[in-house]
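Engineer: Contents of structure.tsv (TSV, C-alpha atoms) are given next:
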chain	number	residue	atom	x	y	z
B	267	MET	CA	-20.12	-77.33	-162.90
B	268	ARG	CA	-19.53	-76.61	-159.22
B	269	PRO	CA	-16.39	-78.24	-157.77
B	270	ALA	CA	-16.52	-80.94	-155.11
B	271	ILE	CA	-15.40	-79.49	-151.77
B	272	VAL	CA	-13.50	-81.47	-149.14
B	273	LYS	CA	-13.72	-79.68	-145.78
B	274	LEU	CA	-10.68	-79.74	-143.50
B	275	SER	CA	-10.11	-79.09	-139.79
B	276	ALA	CA	-7.47	-76.38	-140.38
B	277	GLN	CA	-5.81	-74.34	-143.11
B	278	PRO	CA	-4.03	-76.58	-145.65
B	279	LEU	CA	-0.47	-75.85	-146.76
B	280	ALA	CA	0.51	-79.02	-148.65
B	281	LEU	CA	-1.21	-81.09	-151.35
B	282	ALA	CA	-0.08	-84.37	-152.94
B	283	PRO	CA	-2.49	-86.52	-154.99
B	284	HIS	CA	-1.83	-90.26	-154.88
B	285	PRO	CA	0.09	-91.27	-158.05
B	286	ARG	CA	-2.17	-94.28	-158.78
B	287	ARG	CA	-5.51	-93.90	-156.92
B	288	GLU	CA	-7.55	-91.16	-158.55
B	289	HIS	CA	-9.75	-90.27	-155.55
B	290	VAL	CA	-7.01	-90.25	-152.90
B	291	PHE	CA	-4.76	-87.34	-151.94
B	292	CYS	CA	-2.57	-86.25	-149.03
B	293	ILE	CA	-3.07	-82.96	-147.25
B	294	GLY	CA	-0.72	-81.20	-144.83
B	295	LEU	CA	-2.23	-78.73	-142.35
B	296	ILE	CA	-0.96	-75.64	-140.57
B	297	ASP	CA	-1.21	-77.43	-137.20
B	298	GLY	CA	1.24	-80.12	-138.39
B	299	THR	CA	-1.39	-82.78	-139.13
B	300	VAL	CA	-0.85	-85.00	-142.20
B	301	GLU	CA	-3.93	-86.80	-143.55
B	302	LEU	CA	-4.92	-89.10	-146.37
B	303	ARG	CA	-8.26	-87.99	-147.80
B	304	ASP	CA	-10.75	-89.29	-150.34
B	305	ALA	CA	-12.48	-86.75	-152.57
B	306	HIS	CA	-15.80	-88.54	-151.94
B	307	GLU	CA	-15.53	-88.96	-148.17
B	308	THR	CA	-16.04	-86.48	-145.34
B	309	ARG	CA	-13.67	-88.22	-142.91
B	310	ALA	CA	-9.96	-88.82	-143.33
B	311	LEU	CA	-8.86	-92.26	-144.54
B	312	ALA	CA	-5.80	-91.98	-142.31
B	313	ARG	CA	-4.18	-89.47	-139.98
B	314	PHE	CA	-0.48	-89.81	-139.25
B	315	PRO	CA	1.14	-89.13	-135.86
B	316	ARG	CA	1.73	-85.41	-135.28
B	317	GLU	CA	4.91	-84.12	-133.63
B	318	LYS	CA	4.27	-80.63	-132.25
B	319	ALA	CA	7.97	-79.74	-132.28
B	320	LEU	CA	8.08	-80.04	-136.07
B	321	GLY	CA	5.61	-77.19	-136.60
B	322	SER	CA	3.29	-76.90	-139.59
B	323	CYS	CA	3.36	-79.37	-142.49
B	324	ARG	CA	4.62	-77.23	-145.38
B	325	GLN	CA	5.02	-79.75	-148.23
B	326	ALA	CA	4.09	-83.33	-149.16
B	327	ALA	CA	5.01	-85.75	-151.94
B	328	TRP	CA	4.88	-89.45	-152.79
B	329	ALA	CA	8.19	-91.35	-152.83
B	330	GLY	CA	7.53	-94.83	-154.12
B	331	ASP	CA	5.06	-96.43	-151.71
B	332	ALA	CA	5.95	-93.90	-149.01
B	333	LEU	CA	4.21	-90.62	-148.29
B	334	ALA	CA	6.78	-87.94	-147.41
B	335	ALA	CA	6.07	-84.65	-145.62
B	336	GLY	CA	8.28	-81.63	-144.95
B	337	PHE	CA	7.83	-79.44	-141.88
B	338	ALA	CA	8.49	-75.93	-140.61
B	339	ASP	CA	11.61	-76.93	-138.66
B	340	GLY	CA	13.14	-78.56	-141.77
B	341	ALA	CA	12.37	-82.15	-140.79
B	342	LEU	CA	11.13	-84.82	-143.19
B	343	ARG	CA	8.92	-87.74	-142.22
B	344	ALA	CA	7.72	-90.59	-144.43
B	345	TRP	CA	5.12	-93.30	-143.79
B	346	ASP	CA	4.59	-96.64	-145.49
B	347	CYS	CA	1.44	-96.67	-147.66
B	348	SER	CA	2.13	-99.93	-149.49
B	349	ASP	CA	-0.21	-102.91	-149.87
B	350	ASP	CA	1.68	-104.78	-147.14
B	351	ALA	CA	-0.67	-104.84	-144.12
B	352	ALA	CA	2.25	-105.67	-141.83
B	353	THR	CA	4.03	-102.35	-142.47
B	354	ARG	CA	1.29	-100.04	-143.74
B	355	GLY	CA	0.96	-96.88	-141.68
B	356	ARG	CA	4.35	-97.23	-139.98
B	357	GLU	CA	7.08	-94.62	-140.25
B	358	ALA	CA	9.26	-95.60	-143.21
B	359	TRP	CA	12.11	-93.12	-142.69
B	360	ARG	CA	12.89	-89.73	-141.20
B	361	ALA	CA	15.33	-86.84	-141.43
B	362	ASP	CA	15.61	-84.33	-138.60
B	363	GLY	CA	15.53	-80.64	-139.39
B	364	ASP	CA	18.03	-77.81	-138.94
B	365	GLY	CA	15.51	-75.02	-138.41
B	366	GLU	CA	15.11	-74.04	-142.07
B	367	ALA	CA	11.56	-74.79	-143.19
B	368	VAL	CA	10.89	-77.12	-146.12
B	369	THR	CA	9.43	-74.86	-148.83
B	370	ALA	CA	9.40	-77.19	-151.88
B	371	LEU	CA	9.26	-80.97	-152.26
B	372	ARG	CA	9.15	-82.89	-155.54
B	373	PRO	CA	9.79	-86.51	-156.59
B	374	LEU	CA	12.32	-86.86	-159.42
B	375	ASN	CA	9.85	-89.25	-161.09
B	376	ALA	CA	6.41	-87.84	-161.92
B	377	ARG	CA	4.79	-91.12	-160.81
B	378	GLY	CA	6.21	-90.90	-157.29
B	379	GLY	CA	9.74	-92.29	-157.57
B	380	ALA	CA	11.92	-92.98	-154.53
B	381	CYS	CA	14.18	-89.91	-154.90
B	382	LEU	CA	12.99	-86.50	-153.66
B	383	ALA	CA	14.21	-82.97	-154.36
B	384	VAL	CA	13.80	-80.69	-151.33
B	385	GLY	CA	14.03	-76.89	-151.24
B	386	ASP	CA	14.22	-74.89	-148.02
B	387	ASP	CA	13.89	-71.46	-146.46
B	388	ASP	CA	17.62	-70.78	-146.79
B	389	GLY	CA	17.72	-71.28	-150.58
B	390	ARG	CA	19.23	-74.78	-150.48
B	391	VAL	CA	18.23	-77.70	-152.73
B	392	ARG	CA	18.92	-81.25	-151.54
B	393	LEU	CA	18.28	-84.76	-152.87
B	394	TRP	CA	16.98	-87.53	-150.64
B	395	ASP	CA	16.76	-91.21	-151.52
B	396	ALA	CA	13.74	-92.63	-149.70
B	397	ARG	CA	15.18	-96.15	-149.98
B	398	LEU	CA	17.86	-95.20	-147.44
B	399	ARG	CA	16.35	-95.91	-144.03
B	400	GLY	CA	17.03	-94.15	-140.78
B	401	ASP	CA	18.07	-90.61	-139.87
B	402	ARG	CA	20.88	-89.49	-142.15
B	403	ARG	CA	22.13	-86.46	-144.08
B	404	PRO	CA	21.21	-85.93	-147.74
B	405	PRO	CA	23.79	-87.34	-150.17
B	406	VAL	CA	23.68	-84.24	-152.43
B	407	GLU	CA	23.21	-80.55	-151.64
B	408	SER	CA	23.44	-77.23	-153.53
B	409	GLN	CA	22.55	-73.61	-152.77
B	410	PRO	CA	21.47	-71.79	-155.93
B	411	HIS	CA	19.31	-69.17	-154.17
B	412	GLU	CA	19.80	-66.43	-151.60
B	413	ASP	CA	16.22	-66.61	-150.36
B	414	TYR	CA	13.67	-69.40	-149.96
B	415	VAL	CA	13.07	-71.93	-152.76
B	416	SER	CA	9.50	-71.35	-153.93
B	417	ASP	CA	9.06	-74.21	-156.43
B	418	ILE	CA	10.79	-77.15	-158.11
B	419	ALA	CA	10.12	-78.70	-161.51
B	420	VAL	CA	11.78	-81.78	-162.99
B	421	GLU	CA	12.54	-82.06	-166.71
B	422	GLY	CA	14.52	-85.18	-167.58
B	423	THR	CA	17.73	-85.03	-165.54
B	424	THR	CA	17.43	-81.29	-164.87
B	425	LEU	CA	15.98	-79.70	-161.75
B	426	LEU	CA	14.50	-76.24	-162.25
B	427	THR	CA	14.08	-74.17	-159.10
B	428	THR	CA	12.64	-70.72	-158.49
B	429	GLY	CA	13.40	-68.51	-155.52
B	430	ALA	CA	12.18	-65.44	-153.71
B	431	ASP	CA	15.51	-63.86	-154.74
B	432	GLY	CA	14.02	-63.55	-158.25
B	433	ARG	CA	16.28	-66.20	-159.78
B	434	LEU	CA	15.67	-69.33	-161.85
B	435	ALA	CA	18.25	-72.11	-161.42
B	436	ALA	CA	18.89	-75.20	-163.56
B	437	LEU	CA	20.69	-78.05	-161.73
B	438	ASP	CA	22.07	-81.28	-163.20
B	439	VAL	CA	20.85	-84.30	-161.22
B	440	ARG	CA	23.53	-86.54	-162.73
B	441	SER	CA	26.38	-84.25	-161.59
B	442	ASN	CA	25.57	-83.78	-157.90
B	443	LEU	CA	23.26	-80.81	-158.58
B	444	LYS	CA	25.94	-78.90	-160.47
B	445	PRO	CA	24.39	-75.61	-161.69
B	446	LEU	CA	23.85	-75.57	-165.44
B	447	GLY	CA	22.91	-71.92	-165.03
B	448	VAL	CA	21.44	-69.41	-162.61
B	449	SER	CA	19.58	-66.42	-163.99
B	450	GLU	CA	20.11	-62.77	-163.22
B	451	PRO	CA	17.64	-61.70	-160.49
B	452	GLN	CA	14.28	-60.32	-161.56
B	453	ASP	CA	12.87	-57.23	-159.86
B	454	ASP	CA	10.23	-59.61	-158.59
B	455	GLU	CA	9.93	-62.84	-156.64
B	456	LEU	CA	9.61	-65.98	-158.74
B	457	LEU	CA	6.97	-68.21	-157.14
B	458	ALA	CA	6.25	-71.11	-159.52
B	459	VAL	CA	7.79	-72.84	-162.54
B	460	ALA	CA	6.56	-75.00	-165.46
B	461	VAL	CA	8.05	-76.23	-168.76
B	462	LEU	CA	6.15	-75.87	-172.06
B	463	LYS	CA	6.65	-75.93	-175.84
B	464	GLY	CA	8.33	-79.32	-175.98
B	465	GLY	CA	10.87	-78.32	-173.35
B	466	ARG	CA	11.94	-75.13	-175.16
B	467	LYS	CA	10.28	-72.64	-172.79
B	468	VAL	CA	10.38	-72.28	-169.00
B	469	ILE	CA	7.53	-70.23	-167.53
B	470	CYS	CA	7.70	-68.65	-164.06
B	471	GLY	CA	4.93	-67.08	-161.99
B	472	THR	CA	5.75	-63.84	-160.18
B	473	ALA	CA	4.63	-61.89	-157.14
B	474	THR	CA	3.31	-59.00	-159.26
B	475	GLY	CA	1.44	-61.07	-161.88
B	476	PRO	CA	3.40	-61.26	-165.17
B	477	LEU	CA	4.61	-64.67	-166.32
B	478	VAL	CA	8.35	-64.59	-167.00
B	479	VAL	CA	9.61	-66.69	-169.94
B	480	TYR	CA	13.09	-68.21	-170.30
B	481	ASN	CA	14.48	-70.08	-173.29
B	482	TRP	CA	15.79	-73.52	-172.34
B	483	GLY	CA	19.56	-73.43	-171.94
B	484	ARG	CA	19.75	-69.63	-171.96
B	485	TRP	CA	19.50	-69.17	-168.24
B	486	GLY	CA	21.17	-65.79	-167.88
B	487	ASP	CA	18.21	-63.54	-168.57
B	488	SER	CA	14.50	-63.87	-169.30
B	489	LYS	CA	13.21	-63.63	-172.86
B	490	ASP	CA	9.69	-62.30	-172.32
B	491	ARG	CA	7.08	-61.17	-169.79
B	492	LEU	CA	3.46	-62.17	-170.40
B	493	LEU	CA	0.79	-59.89	-168.93
B	494	GLY	CA	-2.74	-60.93	-167.99
B	495	HIS	CA	-2.89	-61.69	-164.25
B	496	PRO	CA	-3.89	-58.78	-161.99
B	497	GLU	CA	-2.18	-60.25	-158.90
B	498	SER	CA	0.56	-62.73	-158.02
B	499	VAL	CA	0.72	-66.14	-159.70
B	500	ASP	CA	1.51	-68.62	-156.92
B	501	ALA	CA	0.88	-71.93	-158.72
B	502	LEU	CA	1.38	-73.25	-162.26
B	503	LEU	CA	0.06	-76.56	-163.60
B	504	ARG	CA	0.94	-77.75	-167.11
B	505	PHE	CA	-2.07	-79.05	-169.05
B	506	ASP	CA	-0.38	-79.48	-172.44
B	507	ASP	CA	2.51	-77.95	-174.38
B	508	ASP	CA	0.62	-74.70	-174.95
B	509	THR	CA	-1.74	-74.46	-171.97
B	510	LEU	CA	-1.27	-73.69	-168.27
B	511	VAL	CA	-3.62	-73.72	-165.33
B	512	THR	CA	-2.66	-70.83	-163.03
B	513	GLY	CA	-3.49	-70.13	-159.39
B	514	SER	CA	-3.49	-66.47	-158.38
B	515	SER	CA	-3.74	-64.53	-155.14
B	516	ASP	CA	-7.07	-63.07	-156.33
B	517	GLY	CA	-8.56	-66.55	-155.74
B	518	ARG	CA	-9.09	-67.50	-159.39
B	519	VAL	CA	-7.95	-70.67	-161.15
B	520	ARG	CA	-7.42	-69.63	-164.78
B	521	VAL	CA	-6.76	-71.56	-167.96
B	522	CYS	CA	-4.24	-69.79	-170.19
B	523	ARG	CA	-2.79	-70.40	-173.63
B	524	VAL	CA	0.86	-69.33	-173.62
B	525	MET	CA	2.85	-67.75	-176.47
B	526	PRO	CA	2.64	-65.81	-178.53
B	527	GLY	CA	1.36	-63.55	-175.76
B	528	LEU	CA	-0.97	-64.80	-173.04
B	529	ASP	CA	-4.55	-65.74	-173.91
B	530	VAL	CA	-6.77	-66.25	-170.85
B	531	LEU	CA	-9.23	-68.89	-172.08
B	532	GLY	CA	-11.43	-68.90	-168.99
B	533	VAL	CA	-11.77	-69.44	-165.27
B	534	LEU	CA	-11.92	-73.05	-164.07
B	535	GLY	CA	-13.03	-71.99	-160.59
B	536	GLU	CA	-12.52	-69.70	-157.62
B	537	HIS	CA	-11.61	-69.74	-153.92
B	538	ASP	CA	-13.85	-66.81	-152.93
B	539	GLY	CA	-11.01	-64.30	-152.97
B	540	PHE	CA	-8.53	-66.42	-151.01
B	541	PRO	CA	-5.12	-66.90	-152.71
B	542	VAL	CA	-4.71	-70.16	-154.65
B	543	GLU	CA	-1.43	-71.63	-153.43
B	544	ALA	CA	-1.32	-75.16	-154.88
B	545	LEU	CA	-2.70	-76.94	-157.96
B	546	ALA	CA	-2.38	-80.60	-158.96
B	547	PHE	CA	-3.95	-83.20	-161.22
B	548	ASN	CA	-5.28	-86.38	-159.67
B	549	ALA	CA	-3.85	-89.72	-160.81
B	550	ASP	CA	-5.87	-90.05	-164.05
B	551	ARG	CA	-5.97	-86.27	-164.80
B	552	SER	CA	-9.76	-86.25	-164.62
B	553	SER	CA	-9.72	-83.63	-161.84
B	554	VAL	CA	-7.74	-80.57	-160.79
B	555	LEU	CA	-7.27	-80.17	-157.03
B	556	SER	CA	-6.60	-76.75	-155.52
B	557	LEU	CA	-6.04	-75.37	-152.04
B	558	SER	CA	-6.11	-71.96	-150.44
B	559	HIS	CA	-6.53	-70.38	-147.00
B	560	ASP	CA	-10.21	-71.31	-146.75
B	561	SER	CA	-9.71	-74.72	-145.07
B	562	VAL	CA	-11.08	-76.74	-147.99
B	563	VAL	CA	-9.71	-78.60	-151.01
B	564	ARG	CA	-11.64	-77.91	-154.20
B	565	VAL	CA	-11.84	-80.66	-156.82
B	566	PHE	CA	-12.62	-79.32	-160.31
B	567	ASP	CA	-13.74	-81.41	-163.28
B	568	ALA	CA	-10.79	-81.32	-165.70
B	569	SER	CA	-13.05	-81.83	-168.73
B	570	GLY	CA	-13.52	-78.06	-168.54
B	571	LEU	CA	-9.87	-77.69	-169.57
B	572	GLU	CA	-10.46	-79.58	-172.81
B	573	GLU	CA	-13.51	-77.45	-173.56
B	574	MET	CA	-11.68	-74.17	-172.94
B	575	ALA	CA	-8.65	-75.22	-174.99
B	576	ALA	CA	-10.94	-76.28	-177.86
B	577	ALA	CA	-12.91	-73.02	-177.66
B	578	GLY	CA	-9.73	-71.04	-178.26
B	579	GLY	CA	-10.05	-67.37	-177.47
B	580	ASP	CA	-13.60	-67.45	-175.99
B	581	SER	CA	-13.01	-66.12	-172.48
B	582	ASP	CA	-15.34	-65.38	-169.59
B	583	ASP	CA	-12.55	-63.86	-167.50
B	584	SER	CA	-13.01	-60.12	-167.11
B	585	ASP	CA	-9.24	-59.64	-166.91
B	586	GLY	CA	-9.06	-60.54	-170.57
B	587	SER	CA	-5.79	-61.14	-172.38
B	588	GLU	CA	-3.04	-58.57	-172.40
B	589	GLY	CA	0.05	-58.36	-174.55
B	590	SER	CA	3.64	-59.31	-174.03
B	591	ASN	CA	7.11	-58.32	-175.04
B	592	SER	CA	6.84	-60.64	-178.05
B	593	ASP	CA	9.12	-63.62	-178.55
B	594	SER	CA	9.60	-66.40	-181.08
B	595	ASP	CA	8.98	-70.04	-180.24
B	596	SER	CA	11.71	-71.22	-182.58
B	597	ASP	CA	14.77	-70.45	-180.45
B	598	ALA	CA	17.19	-73.38	-180.36
B	599	PRO	CA	18.43	-74.39	-176.92
B	600	LYS	CA	21.99	-73.62	-175.82
B	601	LYS	CA	23.83	-74.06	-172.53
B	602	LYS	CA	25.09	-71.16	-170.36
B	603	PRO	CA	25.68	-69.44	-164.80
B	604	ALA	CA	14.10	-59.06	-151.50
B	605	ALA	CA	11.73	-59.40	-149.02
B	606	LYS	CA	10.22	-62.76	-148.16
B	607	ARG	CA	6.62	-63.59	-149.10
B	608	ARG	CA	5.24	-66.71	-147.42
B	609	LYS	CA	3.80	-68.13	-149.11
B	610	ALA	CA	-18.25	-91.71	-152.74
B	611	ALA	CA	-15.09	-93.74	-153.20
B	612	PRO	CA	-14.63	-97.26	-154.57
B	613	LYS	CA	-14.50	-99.90	-151.84
B	614	ALA	CA	-11.18	-101.23	-153.06
B	615	GLU	CA	-9.48	-97.93	-152.26
B	616	ASN	CA	-10.96	-97.77	-148.77
B	617	ALA	CA	-9.83	-101.35	-148.15
B	618	PHE	CA	-6.31	-100.39	-149.19
B	619	PHE	CA	-6.08	-97.88	-146.34
B	620	GLU	CA	-7.93	-99.97	-143.79
B	621	GLY	CA	-6.08	-100.14	-140.52
B	622	LEU	CA	-3.91	-97.03	-141.07
Translate the structure of the given file into structure tokens.

Structural biologist:
Amino acid sequence: MRPAIVKLSAQPLALAPHPRREHVFCIGLIDGTVELRDAHETRALARFPREKALGSCRQAAWAGDALAAGFADGALRAWDCSDDAATRGREAWRADGDGEAVTALRPLNARGGACLAVGDDDGRVRLWDARLRGDRRPPVESQPHEDYVSDIAVEGTTLLTTGADGRLAALDVRSNLKPLGVSEPQDDELLAVAVLKGGRKVICGTATGPLVVYNWGRWGDSKDRLLGHPESVDALLRFDDDTLVTGSSDGRVRVCRVMPGLDVLGVLGEHDGFPVEALAFNADRSSVLSLSHDSVVRVFDASGLEEMAAAGGDSDDSDGSEGSNSDSDSDAPKKKPAAKRRKAAPKAENAFFEGL
């Protein structure tokens, strides 16, 4: 099935599906524009005020009823998207930048909680509480990386961050981002991170293609490298405990079964050779959204994931499945501490955004 295509006015850099409304998502553009879009509409539901001095919109995330965006100069802006017509569309809070671009942005709660984890171009990770109004400094800050933070994942009270310095870091949210461990650097940039196998395995995408595997709690060195992607893996999306959706710089969105080895089950879709830089499920997980450099958002039917996972090893991907430095899934967890690569809608939903 061909994906739905939402055409944009400029190259997208940031993607954040609404946590409750399955057709609605936020998009951040290279010209600094931030828009709310509907997968079934050609025009934006809302377009928020653009400040040229902030530069491009690099990241976006939902923080409670606020939509937060991070910019090239390090600034954060958030707008009210609640049901309250009196405040909807107004700026909810802001944080001015220090010149280091926002490179990763993730809510601590998967359903869009009020606290945000922010990674930047200098390798810092900070926590922001969106309930604190006004321009203020972050209450918690750590610097686990020597180069830009490429991705953030949240697992319970642990933040997992990857960096262009080739390191994976595990930070304790309850202890002011105290490092639980920082890995030895890989000879490769780590670009994306996901947790599988009931929290026992941490999978990282790399700039050269292999997926790097860490055992939970053994942060010092990687356990395995899974081959099967011909180019860099810039985005990882967990489907279930054994299956990942991967976005690669060759433009393909693959479905992969992970460990033992890497089994490429099929290709969910393509971006015509443009690198896939972001992947996300919509609110009810019925669709996978992806973005690239081609100025569109592609919306894939996620039922294809179920079919590929059920089909097992049947693969239509010419890359096939390659081996790994084998590893066992039964390791028990323990605790343990380059060049940059830049990386038709229901009426009720339309009424919700009316007047923005």

Engineer: When you draw a straight line from CA of Leu528 in chain B to CA of Gly464 in chain B, how long is it in Å?

Structural biologist: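 Pair CA of Leu528 in chain B / CA of Gly464 in chain B returns 17.5 Å.
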
Engineer: Between CA of Ser488 in chain B and CA of Arg372 in chain B, what distance in Å does the model show, to one decimal?

Structural biologist: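 It comes out at 24.1 Å.
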
Engineer: Distance CA of Glu357 in chain B-CA of Arg440 in chain B, one decimal place?

Structural biologist: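 Separating CA of Glu357 in chain B from CA of Arg440 in chain B is a distance of 29.0 Å.
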
Engineer: Around the point (5.8, -90.9, -144.7) (coordinates from the file), which residues reach within 9 Å if we count all atoms listed in the file? Answer as a PDB file with C-alpha atoms, keeping the file's coordinate frame.

Structural biologist:
ATOM      1  CA  PHE B 314      -0.480 -89.810-139.250  1.00  0.00           C
ATOM      2  CA  ALA B 326       4.090 -83.330-149.160  1.00  0.00           C
ATOM      3  CA  ALA B 327       5.010 -85.750-151.940  1.00  0.00           C
ATOM      4  CA  TRP B 328       4.880 -89.450-152.790  1.00  0.00           C
ATOM      5  CA  ALA B 329       8.190 -91.350-152.830  1.00  0.00           C
ATOM      6  CA  ASP B 331       5.060 -96.430-151.710  1.00  0.00           C
ATOM      7  CA  ALA B 332       5.950 -93.900-149.010  1.00  0.00           C
ATOM      8  CA  LEU B 333       4.210 -90.620-148.290  1.00  0.00           C
ATOM      9  CA  ALA B 334       6.780 -87.940-147.410  1.00  0.00           C
ATOM     10  CA  ALA B 335       6.070 -84.650-145.620  1.00  0.00           C
ATOM     11  CA  LEU B 342      11.130 -84.820-143.190  1.00  0.00           C
ATOM     12  CA  ARG B 343       8.920 -87.740-142.220  1.00  0.00           C
ATOM     13  CA  ALA B 344       7.720 -90.590-144.430  1.00  0.00           C
ATOM     14  CA  TRP B 345       5.120 -93.300-143.790  1.00  0.00           C
ATOM     15  CA  ASP B 346       4.590 -96.640-145.490  1.00  0.00           C
ATOM     16  CA  CYS B 347       1.440 -96.670-147.660  1.00  0.00           C
ATOM     17  CA  GLY B 355       0.960 -96.880-141.680  1.00  0.00           C
ATOM     18  CA  ARG B 356       4.350 -97.230-139.980  1.00  0.00           C
ATOM     19  CA  GLU B 357       7.080 -94.620-140.250  1.00  0.00           C
ATOM     20  CA  ALA B 358       9.260 -95.600-143.210  1.00  0.00           C
ATOM     21  CA  TRP B 359      12.110 -93.120-142.690  1.00  0.00           C
ATOM     22  CA  ARG B 360      12.890 -89.730-141.200  1.00  0.00           C
TER      23      ARG B 360
END

Engineer: Range 552-559 of chain B: which residues within 8 Å, counting all atoms listed in the file, same-chain residues fewer than 4 positions away excluded, as an MDAnalysis selection string?

Structural biologist: chainID B and resid 277:279 281 517 537 540:548 563:569

Engineer: Determine the nearest neighbour of Asp349 in chain B from the options B:Gly330, B:Gly363, B:Gly294, B:Gly447, counting all atoms listed in the file.

Structural biologist: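 Going through B:Gly330, B:Gly363, B:Gly294, B:Gly447 one by one, the smallest distance to Asp349 in chain B is for B:Gly330.
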
Engineer: Using all atoms listed in the file for the distances, tell me which of B:Leu534, B:Ala473, B:Leu510, B:Ala310 is nearest to Asp454 in chain B.

Structural biologist: B:Ala473

Engineer: Dump as a compact mmCIF listing (two decimals) with C-alpha atoms, keeping the file's coordinate frame all residues having an atom at most 12 Å from (4.1, -61.7, -165.4), computed in the file's coordinates with all atoms listed in the file.

Structural biologist:
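Resulting contents of result-v4.txt:
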# COMPACT_ATOMS: atom_id res chain seq x y z
CA GLN B 452 14.28 -60.32 -161.56
CA ASP B 453 12.87 -57.23 -159.86
CA ASP B 454 10.23 -59.61 -158.59
CA GLU B 455 9.93 -62.84 -156.64
CA LEU B 456 9.61 -65.98 -158.74
CA LEU B 457 6.97 -68.21 -157.14
CA ALA B 458 6.25 -71.11 -159.52
CA ILE B 469 7.53 -70.23 -167.53
CA CYS B 470 7.70 -68.65 -164.06
CA GLY B 471 4.93 -67.08 -161.99
CA THR B 472 5.75 -63.84 -160.18
CA ALA B 473 4.63 -61.89 -157.14
CA THR B 474 3.31 -59.00 -159.26
CA GLY B 475 1.44 -61.07 -161.88
CA PRO B 476 3.40 -61.26 -165.17
CA LEU B 477 4.61 -64.67 -166.32
CA VAL B 478 8.35 -64.59 -167.00
CA VAL B 479 9.61 -66.69 -169.94
CA SER B 488 14.50 -63.87 -169.30
CA LYS B 489 13.21 -63.63 -172.86
CA ASP B 490 9.69 -62.30 -172.32
CA ARG B 491 7.08 -61.17 -169.79
CA LEU B 492 3.46 -62.17 -170.40
CA LEU B 493 0.79 -59.89 -168.93
CA GLY B 494 -2.74 -60.93 -167.99
CA HIS B 495 -2.89 -61.69 -164.25
CA PRO B 496 -3.89 -58.78 -161.99
CA GLU B 497 -2.18 -60.25 -158.90
CA SER B 498 0.56 -62.73 -158.02
CA VAL B 499 0.72 -66.14 -159.70
CA ASP B 500 1.51 -68.62 -156.92
CA THR B 512 -2.66 -70.83 -163.03
CA SER B 514 -3.49 -66.47 -158.38
CA VAL B 524 0.86 -69.33 -173.62
CA GLY B 527 1.36 -63.55 -175.76
CA LEU B 528 -0.97 -64.80 -173.04
CA GLU B 588 -3.04 -58.57 -172.40
CA GLY B 589 0.05 -58.36 -174.55
CA SER B 590 3.64 -59.31 -174.03
CA ASN B 591 7.11 -58.32 -175.04

Engineer: Ranking B:Trp485, B:Ala370, B:Arg313, B:Lys318 by minimum distance to Ile296 in chain B and counting all atoms listed in the file, which one comes first?

Structural biologist: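 Comparing B:Trp485, B:Ala370, B:Arg313, B:Lys318 against Ile296 in chain B, the winner is B:Lys318.
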
Engineer: List the neighbours of Val368 in chain B out to 9 Å using only C-alpha atoms; skip same-chain residues closer than 4 positions along the sequence, and give me the result as a list in words.

Structural biologist: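 Once the nearby chain positions are removed, what remains is Cys323, Arg324, Gln325, Ala335, Gly336, Phe337, Ala338, Asp339, Gly340, Ala341, Leu342, Gly363, Val384, Gly385, Asp386, Asp387 and Val415 of chain B.
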
Engineer: Provide range 522-531 of chain B rebuilt to N, CA and C atoms, formatted as a PDB file, in the coordinates of the input.

Structural biologist:
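Once written, part-v4.pdb looks like this:
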ATOM      1  N   CYS B 522      -4.913 -70.749-169.323  1.00  0.00           N
ATOM      2  CA  CYS B 522      -4.240 -69.790-170.190  1.00  0.00           C
ATOM      3  C   CYS B 522      -3.487 -70.494-171.315  1.00  0.00           C
ATOM      4  N   ARG B 523      -3.638 -69.959-172.517  1.00  0.00           N
ATOM      5  CA  ARG B 523      -2.790 -70.400-173.630  1.00  0.00           C
ATOM      6  C   ARG B 523      -1.577 -69.478-173.677  1.00  0.00           C
ATOM      7  N   VAL B 524      -0.387 -70.079-173.773  1.00  0.00           N
ATOM      8  CA  VAL B 524       0.860 -69.330-173.620  1.00  0.00           C
ATOM      9  C   VAL B 524       1.625 -69.270-174.931  1.00  0.00           C
ATOM     10  N   MET B 525       1.956 -68.083-175.366  1.00  0.00           N
ATOM     11  CA  MET B 525       2.850 -67.750-176.470  1.00  0.00           C
ATOM     12  C   MET B 525       2.312 -68.204-177.837  1.00  0.00           C
ATOM     13  N   PRO B 526       2.220 -67.192-178.754  1.00  0.00           N
ATOM     14  CA  PRO B 526       2.640 -65.810-178.530  1.00  0.00           C
ATOM     15  C   PRO B 526       1.667 -65.061-177.624  1.00  0.00           C
ATOM     16  N   GLY B 527       2.191 -64.257-176.725  1.00  0.00           N
ATOM     17  CA  GLY B 527       1.360 -63.550-175.760  1.00  0.00           C
ATOM     18  C   GLY B 527       0.734 -64.510-174.758  1.00  0.00           C
ATOM     19  N   LEU B 528      -0.247 -64.009-174.022  1.00  0.00           N
ATOM     20  CA  LEU B 528      -0.970 -64.800-173.040  1.00  0.00           C
ATOM     21  C   LEU B 528      -2.455 -64.647-173.311  1.00  0.00           C
ATOM     22  N   ASP B 529      -3.121 -65.738-173.624  1.00  0.00           N
ATOM     23  CA  ASP B 529      -4.550 -65.740-173.910  1.00  0.00           C
ATOM     24  C   ASP B 529      -5.267 -66.431-172.757  1.00  0.00           C
ATOM     25  N   VAL B 530      -6.013 -65.668-171.950  1.00  0.00           N
ATOM     26  CA  VAL B 530      -6.770 -66.250-170.850  1.00  0.00           C
ATOM     27  C   VAL B 530      -8.042 -66.861-171.421  1.00  0.00           C
ATOM     28  N   LEU B 531      -8.110 -68.184-171.449  1.00  0.00           N
ATOM     29  CA  LEU B 531      -9.230 -68.890-172.080  1.00  0.00           C
ATOM     30  C   LEU B 531     -10.457 -68.933-171.198  1.00  0.00           C
TER      31      LEU B 531
END
